[in-house]
Amino acid sequence: MKHLILLRHGQSEWNLENRFTGWTDVDLSEKGRDEAKKAGELIAKSGILPRYCFTSYLKRAIHTLNIALAAMERDWLSVVKDWHLNERHYGALQGLNKAETAKKFGDEQVHIWRRSYDVAPPALTEDDERFPASDVRYAALAKESLPLTESLENTIYRVRPCWEELIVPALNLYDDVIIAAHGNSLRALVMMLNKLTPEQIVSEEIPTGAPRVFTLDDRMGVVDDKYL
């Protein structure tokens, strides 16, 4: 059997401030660092110790992984950072307070932007400083491959090649793998693993700092799915 550990980053500074974050590179709050440490301790206690790691390009996920690995005394593990595992891009909403945005556009519209499967928030323009093309970590990527906004459907489409081309081969080689990433990129993986419909995935919520372990057979079929 193989084990895939999904770990959403701990609370970030913008989670604490109730702001849309997306691809903005915001660090963990003090509570988030504590959540990451406790997650690592839970994983160590479970005895399901990862042998290979994946994370995104965003430091709230990277730092969560680093803190969790330190708690497991597995700082030495190899880590692949892949931008495909970044959070969903929230377009022009990034940086805005969620409550203030709801007052401006209405609760129903904000709920649609946040929770629907195929409706994206308002897009950035390419001259906006929040557009990822201006960020050095994405400099090698074609501008057209970088999002101006994303729906959950777009995020799933982005994550899928990472799953098929990198994560599945790592599971076949190492058996026990951890992915520290984000609410929506992890929801994409959950949808693929559990073969959920668009209607089912919209109600799926992944809490911060809570390790979720999928036990998989050799064909990547789910044998068990539980939080530690």
# chains A, B, ... in the order shown; residues from 1 in each chain; ligands from 1
$ select_by_dssp --residues "range 31-221 of chain A" --states "helix (DSSP H, G or I)" --output "PyMOL selection string"
chain A and resi 31-46+59-72+83-85+91-93+98-105+107-115+132-134+136-138+143-145+152-174+183-194+198-201
$ residues_around --residues "Glu35 in chain A" --least-positions-apart "3" --cutoff "12 Å" --atoms "only C-alpha atoms" --output "list of chain:residue names"
A:Leu7, A:Arg8, A:His9, A:Gly10, A:Gln11, A:Ser12, A:Leu28, A:Ser29, A:Glu30, A:Lys31, A:Gly32, A:Lys38, A:Ala39, A:Gly40, A:Glu41, A:Leu42, A:Arg60, A:Ala61, A:His63, A:Thr64, A:Leu65, A:Ile67, A:Ala68, A:Ala71, A:Pro207, A:Thr208, A:Gly209, A:Ala210, A:Pro211
$ closest_residue --among "A:Glu164, A:Asp127, A:Asp118, A:Asp225" --to "Glu199 in chain A" --atoms "only C-alpha atoms"
A:Asp118
$ residues_around --residues "Met191 in chain A" --least-positions-apart "5" --cutoff "10 Å" --atoms "only C-alpha atoms" --output "list in words"
Ile156, Ser185, Leu186, Leu196, Thr197, Pro198, Gln200, Ile201, Val202 and Glu204 of chain A
$ residues_around --residues "range 93-105 of chain A" --least-positions-apart "4" --cutoff "12 Å" --atoms "only C-alpha atoms" --output "PyMOL selection string"
chain A and resi 13-26+87-89+109-114+120-124+128-131+148-150
$ atom_distance --atom1 "CA of Met72 in chain A" --atom2 "CA of Asp27 in chain A"
21.4 Å
$ closest_residue --among "A:Ile43, A:Ile62, A:Leu6, A:Ala133" --to "Asn184 in chain A" --atoms "only C-alpha atoms"
A:Leu6
$ closest_residue --among "A:Ser46, A:Thr215, A:Asn154, A:Thr55" --to "Val79 in chain A" --atoms "only C-alpha atoms"
A:Thr55
